[in-house]
Structures are given as C-alpha cells and as structure tokens.
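Engineer: File protein04.cif follows (mmCIF, C-alpha atoms):
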data_query
#
loop_
_atom_site.label_atom_id
_atom_site.label_comp_id
_atom_site.auth_asym_id
_atom_site.auth_seq_id
_atom_site.Cartn_x
_atom_site.Cartn_y
_atom_site.Cartn_z
CA MET H 144 0.00 0.00 0.00
CA LYS H 145 1.39 3.37 -0.99
CA HIS H 146 1.13 6.51 1.14
CA LEU H 147 1.51 9.94 -0.44
CA ILE H 148 3.36 12.56 1.58
CA HIS H 149 2.34 16.21 1.83
CA ILE H 150 3.97 18.38 -0.84
CA GLY H 151 3.88 21.99 -2.00
CA CYS H 152 1.22 22.07 -4.68
CA LEU H 153 2.65 24.92 -6.71
CA GLU H 154 5.94 23.14 -7.39
CA ARG H 155 4.81 19.54 -7.28
CA GLN H 156 1.25 19.32 -8.62
CA ARG H 157 2.38 17.88 -11.93
CA GLU H 158 4.60 15.29 -10.24
CA LEU H 159 1.79 14.32 -7.92
CA MET H 160 -0.67 13.73 -10.75
CA ARG H 161 1.88 11.72 -12.72
CA PHE H 162 2.57 9.65 -9.61
CA LEU H 163 -1.15 8.96 -9.19
CA LEU H 164 -1.43 8.07 -12.86
CA LEU H 165 1.31 5.48 -12.39
CA GLN H 166 -0.20 4.09 -9.20
CA THR H 167 -3.56 3.54 -10.93
CA ALA H 168 -2.11 2.54 -14.31
CA LEU H 169 -2.87 -1.17 -14.03
CA VAL H 170 -6.51 -0.42 -13.31
CA ARG H 171 -6.76 2.11 -16.13
CA GLY H 172 -5.06 -0.37 -18.45
CA ARG H 173 -7.42 -3.17 -17.34
CA ILE H 174 -4.59 -5.35 -16.08
CA LYS H 175 -5.82 -5.40 -12.48
CA PRO H 176 -9.41 -5.09 -11.23
CA GLY H 177 -8.42 -2.78 -8.38
CA GLU H 178 -5.68 -0.85 -6.64
CA VAL H 179 -5.70 0.62 -3.13
CA PHE H 180 -3.63 3.32 -1.49
CA THR H 181 -3.89 6.28 0.83
CA LEU H 182 -4.71 9.80 -0.35
CA ASN H 183 -4.04 12.75 1.89
CA ARG H 184 -7.13 14.90 2.24
CA CYS H 185 -5.32 18.00 1.07
CA TYR H 186 -1.97 18.66 -0.59
CA SER H 187 -1.70 22.26 0.47
CA ALA H 188 0.72 25.14 0.49
CA LYS H 189 -0.01 25.55 4.19
CA PHE H 190 2.63 22.90 4.72
CA HIS H 191 5.09 25.20 2.98
CA ALA H 192 4.75 28.60 4.63
CA HIS H 193 7.49 29.99 2.43
CA THR H 194 5.25 29.46 -0.63
CA PRO H 195 2.36 31.89 -0.02
CA THR H 196 1.23 31.75 -3.64
CA GLY H 197 0.82 27.99 -3.56
CA ILE H 198 -2.45 26.42 -4.60
CA CYS H 199 -4.41 23.74 -2.81
CA VAL H 200 -5.11 20.42 -4.50
CA HIS H 201 -7.98 18.86 -2.58
CA GLN H 202 -8.66 15.15 -2.48
CA ASP H 203 -11.87 15.53 -4.48
CA ILE H 204 -10.01 17.27 -7.28
CA LEU H 205 -7.51 14.42 -7.45
CA LEU H 206 -10.25 11.81 -7.59
CA GLN H 207 -12.11 13.69 -10.32
CA LYS H 208 -8.94 14.16 -12.36
CA LEU H 209 -8.10 10.45 -12.23
CA GLY H 210 -11.47 9.65 -13.79
CA LEU H 211 -11.70 6.12 -12.39
CA SER H 212 -14.38 4.36 -10.38
CA TYR H 213 -13.46 4.45 -6.71
CA ARG H 214 -14.69 3.67 -3.22
CA VAL H 215 -13.41 5.37 -0.07
CA LEU H 216 -12.85 2.46 2.30
CA ARG H 217 -11.83 4.42 5.36
CA ASN H 218 -11.71 8.08 6.31
CA ARG H 219 -9.38 9.51 8.90
CA GLU H 220 -8.73 13.09 9.95
CA CYS H 221 -5.94 13.72 7.45
CA ASP H 222 -6.32 11.04 4.81
CA SER H 223 -8.52 8.42 3.17
CA LEU H 224 -7.89 4.86 2.05
CA VAL H 225 -9.27 4.62 -1.49
CA LEU H 226 -9.95 1.61 -3.72
CA PHE H 227 -9.74 2.44 -7.43
CA TYR H 228 -11.35 -0.21 -9.61
CA ASP H 229 -12.44 -1.21 -13.07
CA MET H 230 -16.14 -2.00 -12.81
CA GLU H 231 -16.28 -4.73 -15.47
CA MET H 232 -13.13 -6.51 -14.31
CA LEU H 233 -14.18 -6.45 -10.67
CA LYS H 234 -17.64 -7.77 -11.54
CA ASN H 235 -15.98 -10.68 -13.36
CA VAL H 236 -13.78 -11.41 -10.34
CA LEU H 237 -16.75 -11.46 -7.99
CA GLU H 238 -18.76 -13.65 -10.37
CA ASN H 239 -16.09 -16.34 -10.20
CA LEU H 240 -17.82 -19.21 -8.38
CA ALA H 241 -14.90 -20.17 -6.13
CA ILE H 242 -14.24 -16.56 -5.14
CA ARG H 243 -17.90 -15.87 -4.48
CA GLN H 244 -18.25 -19.00 -2.35
CA TYR H 245 -15.19 -18.00 -0.34
CA LEU H 246 -16.57 -14.51 0.25
CA TYR H 247 -19.99 -15.92 1.15
CA ARG H 248 -18.34 -18.08 3.81
CA ASN H 249 -16.58 -15.01 5.18
CA GLY H 250 -19.41 -12.60 5.78
CA TYR H 251 -20.49 -11.58 2.28
CA SER H 252 -23.43 -13.98 1.98
CA HIS H 253 -25.94 -11.14 1.66
CA CYS H 254 -24.05 -9.49 -1.20
CA VAL H 255 -25.40 -9.72 -4.73
CA THR H 256 -24.40 -6.60 -6.66
CA LEU H 257 -20.96 -5.09 -7.07
CA ASP H 258 -22.02 -2.14 -4.93
CA SER H 259 -23.15 -4.43 -2.11
CA PHE H 260 -19.78 -6.22 -2.12
CA LEU H 261 -17.95 -2.88 -2.02
CA LEU H 262 -20.18 -1.59 0.75
CA HIS H 263 -19.46 -4.65 2.88
CA LEU H 264 -15.74 -4.35 2.18
CA GLN H 265 -15.97 -0.75 3.35
CA GLU H 266 -17.75 -1.89 6.52
CA ARG H 267 -15.01 -4.47 7.12
CA PHE H 268 -12.47 -1.65 7.33
CA SER H 269 -14.36 -0.32 10.32
CA GLU H 270 -13.93 -3.70 12.01
CA VAL H 271 -10.31 -4.61 11.22
CA ASP H 272 -7.29 -2.64 10.10
CA PHE H 273 -6.83 -4.37 6.74
CA PRO H 274 -9.20 -7.27 5.90
CA HIS H 275 -7.33 -10.00 4.07
CA GLU H 276 -10.04 -10.56 1.44
CA ILE H 277 -9.23 -7.24 -0.18
CA GLY H 278 -6.56 -9.18 -2.07
CA LEU H 279 -9.34 -10.64 -4.20
CA PHE H 280 -10.56 -7.15 -5.11
CA LEU H 281 -7.00 -6.35 -6.17
CA GLY H 282 -6.77 -9.36 -8.47
CA TYR H 283 -4.58 -11.65 -6.38
CA PRO H 284 -5.16 -15.41 -6.75
CA LEU H 285 -7.68 -16.96 -4.38
CA LYS H 286 -5.19 -19.65 -3.28
CA ASP H 287 -2.77 -16.97 -2.11
CA VAL H 288 -5.44 -15.06 -0.21
CA ILE H 289 -6.50 -18.28 1.51
CA GLY H 290 -2.89 -19.24 2.14
CA PHE H 291 -2.15 -15.91 3.78
CA VAL H 292 -4.67 -16.55 6.56
CA SER H 293 -4.13 -20.29 6.93
CA VAL H 294 -1.49 -21.54 9.39
CA ARG H 295 -1.20 -24.77 7.40
CA SER H 296 -0.33 -23.16 4.06
CA ARG H 297 3.20 -23.46 2.69
CA LEU H 298 4.83 -20.22 1.56
CA THR H 299 6.60 -20.90 -1.74
CA HIS H 300 7.52 -17.42 -2.93
CA GLN H 301 7.76 -13.86 -1.63
CA GLY H 302 7.31 -11.20 -4.31
CA SER H 303 4.74 -8.48 -4.89
CA TRP H 304 2.59 -10.65 -2.64
CA ARG H 305 3.07 -13.94 -0.80
CA VAL H 306 2.56 -17.04 -2.94
CA TYR H 307 1.34 -20.25 -1.33
CA GLY H 308 1.43 -23.72 -2.81
CA LYS H 309 1.77 -24.03 -6.58
CA LEU H 310 3.87 -21.24 -8.06
CA GLU H 311 1.81 -21.00 -11.24
CA PRO H 312 -0.25 -19.08 -12.14
CA SER H 313 0.83 -16.67 -9.40
CA LEU H 314 4.26 -15.95 -10.86
CA THR H 315 2.83 -15.49 -14.35
CA LEU H 316 0.34 -12.98 -13.00
CA MET H 317 3.01 -11.25 -10.91
CA ASN H 318 5.24 -10.89 -13.97
CA ARG H 319 2.31 -9.53 -15.98
CA PHE H 320 1.68 -6.88 -13.34
CA ARG H 321 5.39 -6.02 -13.23
CA GLU H 322 5.67 -5.73 -17.02
CA ALA H 323 2.55 -3.57 -17.23
CA ARG H 324 3.92 -1.21 -14.60
CA ARG H 325 7.24 -1.02 -16.44
CA MET H 326 5.41 -0.07 -19.63
CA ALA H 327 3.32 2.52 -17.77
CA GLU H 328 6.51 4.08 -16.38
CA PHE H 329 7.94 4.24 -19.90
CA ILE H 330 4.79 5.92 -21.24
CA ILE H 331 4.80 8.50 -18.47
CA ASP H 332 8.51 9.22 -19.02
CA GLN H 333 7.95 9.74 -22.75
CA HIS H 334 4.94 12.08 -22.59
CA ASP H 335 4.41 15.28 -20.65
CA ASP H 336 0.68 15.80 -20.92
CA TRP H 337 -1.88 13.96 -18.82
CA ASP H 338 -4.35 13.12 -21.59
CA THR H 339 -1.76 11.42 -23.81
CA CYS H 340 -0.41 9.38 -20.91
CA ALA H 341 -3.88 8.33 -19.77
CA GLN H 342 -4.92 7.33 -23.29
CA LYS H 343 -1.82 5.24 -23.94
CA ILE H 344 -1.98 3.59 -20.52
CA SER H 345 -5.60 2.61 -21.19
CA LEU H 346 -4.24 0.39 -23.99
CA LEU H 347 -1.88 -1.59 -21.76
CA LYS H 348 -3.92 -4.79 -21.97
CA PHE H 349 -3.27 -4.88 -25.73
CA LEU H 350 0.48 -4.33 -25.31
CA ILE H 351 1.47 -7.18 -23.01
#
Could you spell out this file's structure in structure tokens?
Structural biologist:
Amino acid sequence: MKHLIHIGCLERQRELMRFLLLQTALVRGRIKPGEVFTLNRCYSAKFHAHTPTGICVHQDILLQKLGLSYRVLRNRECDSLVLFYDMEMLKNVLENLAIRQYLYRNGYSHCVTLDSFLLHLQERFSEVDFPHEIGLFLGYPLKDVIGFVSVRSRLTHQGSWRVYGKLEPSLTLMNRFREARRMAEFIIDQHDDWDTCAQKISLLKFLI
C-alpha cells in the first residue's frame, strides 16, 4: 500500500498527478481489477509557509482528475484509504464461483451486486485494520489469499505478494503486473501531458 506525503502544490502538482497516474495505471489499463492506497485529504501550500502563492489540491479534485471508479474504504482526519477499480473486471472477479463461495463463507453472503460487495468491504475496514479478502478485489489469486490466513499453508515465494502452494499461475500474474507497470513508467517518461499518458496507458492490456 502506498502513502503519499504532503507536498507543496505549486511546485509539485504535476509530479503528484503523474505519480497517481502510475499508481492507478494497471486499473486504467485493465490489467488489475483494483488498486488501493492512501490519499491525503489536502496537498496544500499551508505545509510550505514559504510558498504563499501555492495552490491547494484537494482530495476531491484528485479523484475527479483520475477519472476512475473508486470507493473510499476508510476516512481519517488527514487522509482516506481509497480503492480504485475497473467496474467490469471487478464484476468478473466477484462472479467467479470459487471466489464468491469464499466470500460468502466469510461474511459476504448477503451481497449480490458489485455495490453491495464494495459496501461490505468498506464496513469491514471499520472492524479490522486491513481485511485479508481485499486481495481478491486487487486481483490476487484466491489460493494466495486463503494461504495468507491459513497456518497450514506453505509459503513458496515472496514477491509483490506472498505465494502459497503451486507457483503457477501466481508468478505469471506477478510478472504480468510487473511488465505492465514497467510499460506505464515508460509511457509517463515519454509524454508530458496527462491526456496522452492516460490514453496510452488505457491500452496496456493490448500491449502485453
């Protein structure tokens, strides 16, 4: 999970937006169904008193600029934990029979629609610090989510996430995520304007 530090908006607004574009690239490119990280409520010049002409980039402006579906999972005084997601991909994940049965056994039995699953996930964040099932919403394999909470599971690899049992298809998926991020970084390095970067990143699924 990434956490964005406070910065002076006047000097760093462009860098901040490019950073957010990279962090959400795999969702925009339809490589992952979801991505989660913390957004500060305000990236304001008040944190840089020597920059009186600074502008304030509020959380809502950031969310609107990103142009992705999102759900605020937890609000705190200074920041929010936000899930960015691709609606179609996440629906497909939750329609997987094995995943749905697992979620039903773990408190989601009343959920039918995508919104109801997201609402319950949001409620879970009021109960525990970081519910393990969020891995499914982020596109991680079910076997690895189950393995993470099972004392009997055998850890076979430590990478972007912990892999349990059979290495495939976890490593293939991990490498796909890594390659997509590498390509997103290349796109962002090659283009200065937001719209061009966002458009090219949206085509990632056709490039890997």
Engineer: Please write as an NGL selection string the full residue list that the PyMOL selection byres ((chain H and resi 234) around 10) yields on this file.
Structural biologist: :H and (176 or 229-233 or 235-239 or 256-258 or 260 or 280)
Engineer: I want to know what sits within 9 Å of range 216-218 of chain H, based on all atoms listed in the file, with residues of the same chain fewer than 4 positions away left out; could you give that as JSON, numbers by chain?
Structural biologist: {"H": [222, 223, 224, 225, 226, 261, 262, 264, 265, 266, 267, 268, 269]}
Engineer: Could you pull the residues within 9 Å of Arg324 in chain H, counting all atoms listed in the file, minus those fewer than 2 positions along the same chain, as a PDB file with C-alpha atoms, in the frame of the given file?
Structural biologist:
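Output saved as selection.pdb:
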ATOM      1  CA  LEU H 165       1.310   5.480 -12.390  1.00  0.00           C
ATOM      2  CA  GLN H 166      -0.200   4.090  -9.200  1.00  0.00           C
ATOM      3  CA  ALA H 168      -2.110   2.540 -14.310  1.00  0.00           C
ATOM      4  CA  LEU H 169      -2.870  -1.170 -14.030  1.00  0.00           C
ATOM      5  CA  ARG H 319       2.310  -9.530 -15.980  1.00  0.00           C
ATOM      6  CA  PHE H 320       1.680  -6.880 -13.340  1.00  0.00           C
ATOM      7  CA  ARG H 321       5.390  -6.020 -13.230  1.00  0.00           C
ATOM      8  CA  GLU H 322       5.670  -5.730 -17.020  1.00  0.00           C
ATOM      9  CA  MET H 326       5.410  -0.070 -19.630  1.00  0.00           C
ATOM     10  CA  ALA H 327       3.320   2.520 -17.770  1.00  0.00           C
ATOM     11  CA  GLU H 328       6.510   4.080 -16.380  1.00  0.00           C
ATOM     12  CA  PHE H 329       7.940   4.240 -19.900  1.00  0.00           C
TER      13      PHE H 329
END
Engineer: Each side padded by 3 Å, which centre and which edge lengths in Å (one decimal) define the axis-aligned box around the listed atoms of range 210-215 of chain H? Give them as AutoDock Vina command-line options.
Structural biologist:
--center_x -13.1 --center_y 6.7 --center_z -6.9 --size_x 9.2 --size_y 12.0 --size_z 19.7
Engineer: May I ask for the distance between CA of Arg214 in chain H and CA of Lys343 in chain H, given in Å to one decimal place?
Structural biologist: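 Atom-to-atom, CA of Arg214 in chain H to CA of Lys343 in chain H, that is 24.4 Å.
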Engineer: Taking only C-alpha atoms into account, name the residue in H:Asn249, H:Thr299, H:Leu350, H:Leu182 that is nearest to His275 in chain H.
Structural biologist: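 Smallest distance to His275 in chain H is found for H:Asn249.
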Engineer: If we count only C-alpha atoms and set the cut-off at 9 Å, which residues sit around Trp304 in chain H, ignoring sequence neighbours fewer than 3 positions away in its own chain? Please answer as a list in words.
Structural biologist: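 In the requested format, the answer is Tyr283, Asp287, His300, Gln301 and Met317 of chain H.
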Engineer: Closest to Lys175 in chain H among H:Ile330, H:Cys221, H:Leu347, H:Met160, using only C-alpha atoms?
Structural biologist: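 The closest residue to Lys175 in chain H is H:Leu347.
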Engineer: Could you check which of H:Asp335, H:Glu270, H:Glu220, H:Glu276 is closest to Leu246 in chain H, using all atoms listed in the file?
Structural biologist: H:Glu276
Engineer: With all atoms listed in the file as the basis for distance, which of H:Arg161, H:Tyr251, H:Val288, H:Phe227 is at the shortest distance from Arg173 in chain H?
Structural biologist: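 Closest to Arg173 in chain H of all the choices is H:Phe227.
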Engineer: Using all atoms listed in the file for the distances, tell me which of H:Ile277, H:Leu211, H:Val306, H:Val271 is nearest to Phe291 in chain H.
Structural biologist: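 Closest residue, counting all atoms listed in the file: H:Val306.
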Engineer: Expressed in Å to a single decimal, how great is the separation between CA of Arg325 in chain H and CA of Arg305 in chain H?
Structural biologist: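 A separation of 20.7 Å between them.
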Engineer: Do you have the CA of Arg157 in chain H-CA of Ile351 in chain H distance handy?
Structural biologist: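 Atom-to-atom, CA of Arg157 in chain H to CA of Ile351 in chain H, that is 27.4 Å.
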Engineer: Add whatever atoms are absent from range 154-178 of chain H to reach N, CA, C and O atoms, and provide the output as a compact mmCIF listing (two decimals), keeping the file's coordinate frame.
Structural biologist:
# COMPACT_ATOMS: atom_id res chain seq x y z
N GLU H 154 4.77 23.72 -6.74
CA GLU H 154 5.94 23.14 -7.39
C GLU H 154 5.72 21.69 -7.83
O GLU H 154 6.32 21.23 -8.78
N ARG H 155 4.85 20.98 -7.10
CA ARG H 155 4.81 19.54 -7.28
C ARG H 155 3.49 18.99 -7.79
O ARG H 155 3.32 17.78 -7.85
N GLN H 156 2.55 19.83 -8.19
CA GLN H 156 1.25 19.32 -8.62
C GLN H 156 1.38 18.36 -9.80
O GLN H 156 0.77 17.30 -9.83
N ARG H 157 2.21 18.74 -10.75
CA ARG H 157 2.38 17.88 -11.93
C ARG H 157 2.98 16.53 -11.55
O ARG H 157 2.52 15.48 -12.01
N GLU H 158 3.98 16.55 -10.67
CA GLU H 158 4.60 15.29 -10.24
C GLU H 158 3.61 14.42 -9.47
O GLU H 158 3.61 13.19 -9.62
N LEU H 159 2.78 15.07 -8.68
CA LEU H 159 1.79 14.32 -7.92
C LEU H 159 0.81 13.61 -8.85
O LEU H 159 0.52 12.42 -8.69
N MET H 160 0.31 14.32 -9.85
CA MET H 160 -0.67 13.73 -10.75
C MET H 160 -0.05 12.60 -11.58
O MET H 160 -0.68 11.58 -11.85
N ARG H 161 1.20 12.78 -11.98
CA ARG H 161 1.88 11.72 -12.72
C ARG H 161 2.11 10.50 -11.83
O ARG H 161 2.02 9.36 -12.28
N PHE H 162 2.41 10.75 -10.56
CA PHE H 162 2.57 9.65 -9.61
C PHE H 162 1.25 8.88 -9.46
O PHE H 162 1.22 7.65 -9.47
N LEU H 163 0.15 9.61 -9.33
CA LEU H 163 -1.15 8.96 -9.19
C LEU H 163 -1.53 8.20 -10.46
O LEU H 163 -2.13 7.13 -10.40
N LEU H 164 -1.16 8.76 -11.60
CA LEU H 164 -1.43 8.07 -12.86
C LEU H 164 -0.69 6.74 -12.91
O LEU H 164 -1.24 5.73 -13.36
N LEU H 165 0.54 6.73 -12.43
CA LEU H 165 1.31 5.48 -12.39
C LEU H 165 0.71 4.50 -11.40
O LEU H 165 0.56 3.31 -11.70
N GLN H 166 0.33 4.98 -10.22
CA GLN H 166 -0.20 4.09 -9.20
C GLN H 166 -1.52 3.43 -9.61
O GLN H 166 -1.85 2.34 -9.14
N THR H 167 -2.27 4.09 -10.47
CA THR H 167 -3.56 3.54 -10.93
C THR H 167 -3.48 2.97 -12.34
O THR H 167 -4.50 2.58 -12.90
N ALA H 168 -2.26 2.91 -12.91
CA ALA H 168 -2.11 2.54 -14.31
C ALA H 168 -2.65 1.15 -14.63
O ALA H 168 -3.26 0.93 -15.68
N LEU H 169 -2.44 0.20 -13.73
CA LEU H 169 -2.87 -1.17 -14.03
C LEU H 169 -4.38 -1.32 -13.99
O LEU H 169 -4.93 -2.24 -14.61
N VAL H 170 -5.05 -0.44 -13.28
CA VAL H 170 -6.51 -0.42 -13.31
C VAL H 170 -6.99 0.25 -14.59
O VAL H 170 -7.86 -0.26 -15.29
N ARG H 171 -6.39 1.40 -14.91
CA ARG H 171 -6.76 2.11 -16.13
C ARG H 171 -6.51 1.25 -17.37
O ARG H 171 -7.27 1.28 -18.33
N GLY H 172 -5.42 0.49 -17.32
CA GLY H 172 -5.06 -0.37 -18.45
C GLY H 172 -5.76 -1.71 -18.44
O GLY H 172 -5.48 -2.56 -19.28
N ARG H 173 -6.64 -1.94 -17.46
CA ARG H 173 -7.42 -3.17 -17.34
C ARG H 173 -6.53 -4.40 -17.23
O ARG H 173 -6.81 -5.45 -17.78
N ILE H 174 -5.47 -4.23 -16.43
CA ILE H 174 -4.59 -5.35 -16.08
C ILE H 174 -4.97 -5.91 -14.73
O ILE H 174 -4.90 -7.11 -14.48
N LYS H 175 -5.36 -5.02 -13.81
CA LYS H 175 -5.82 -5.40 -12.48
C LYS H 175 -7.23 -4.85 -12.26
O LYS H 175 -7.55 -3.77 -12.74
N PRO H 176 -8.06 -5.60 -11.50
CA PRO H 176 -9.41 -5.09 -11.23
C PRO H 176 -9.42 -3.93 -10.25
O PRO H 176 -10.34 -3.11 -10.26
N GLY H 177 -8.41 -3.84 -9.38
CA GLY H 177 -8.42 -2.78 -8.38
C GLY H 177 -7.03 -2.47 -7.87
O GLY H 177 -6.09 -3.26 -8.00
N GLU H 178 -6.91 -1.28 -7.29
CA GLU H 178 -5.68 -0.85 -6.64
C GLU H 178 -6.08 0.00 -5.44
O GLU H 178 -7.04 0.77 -5.50
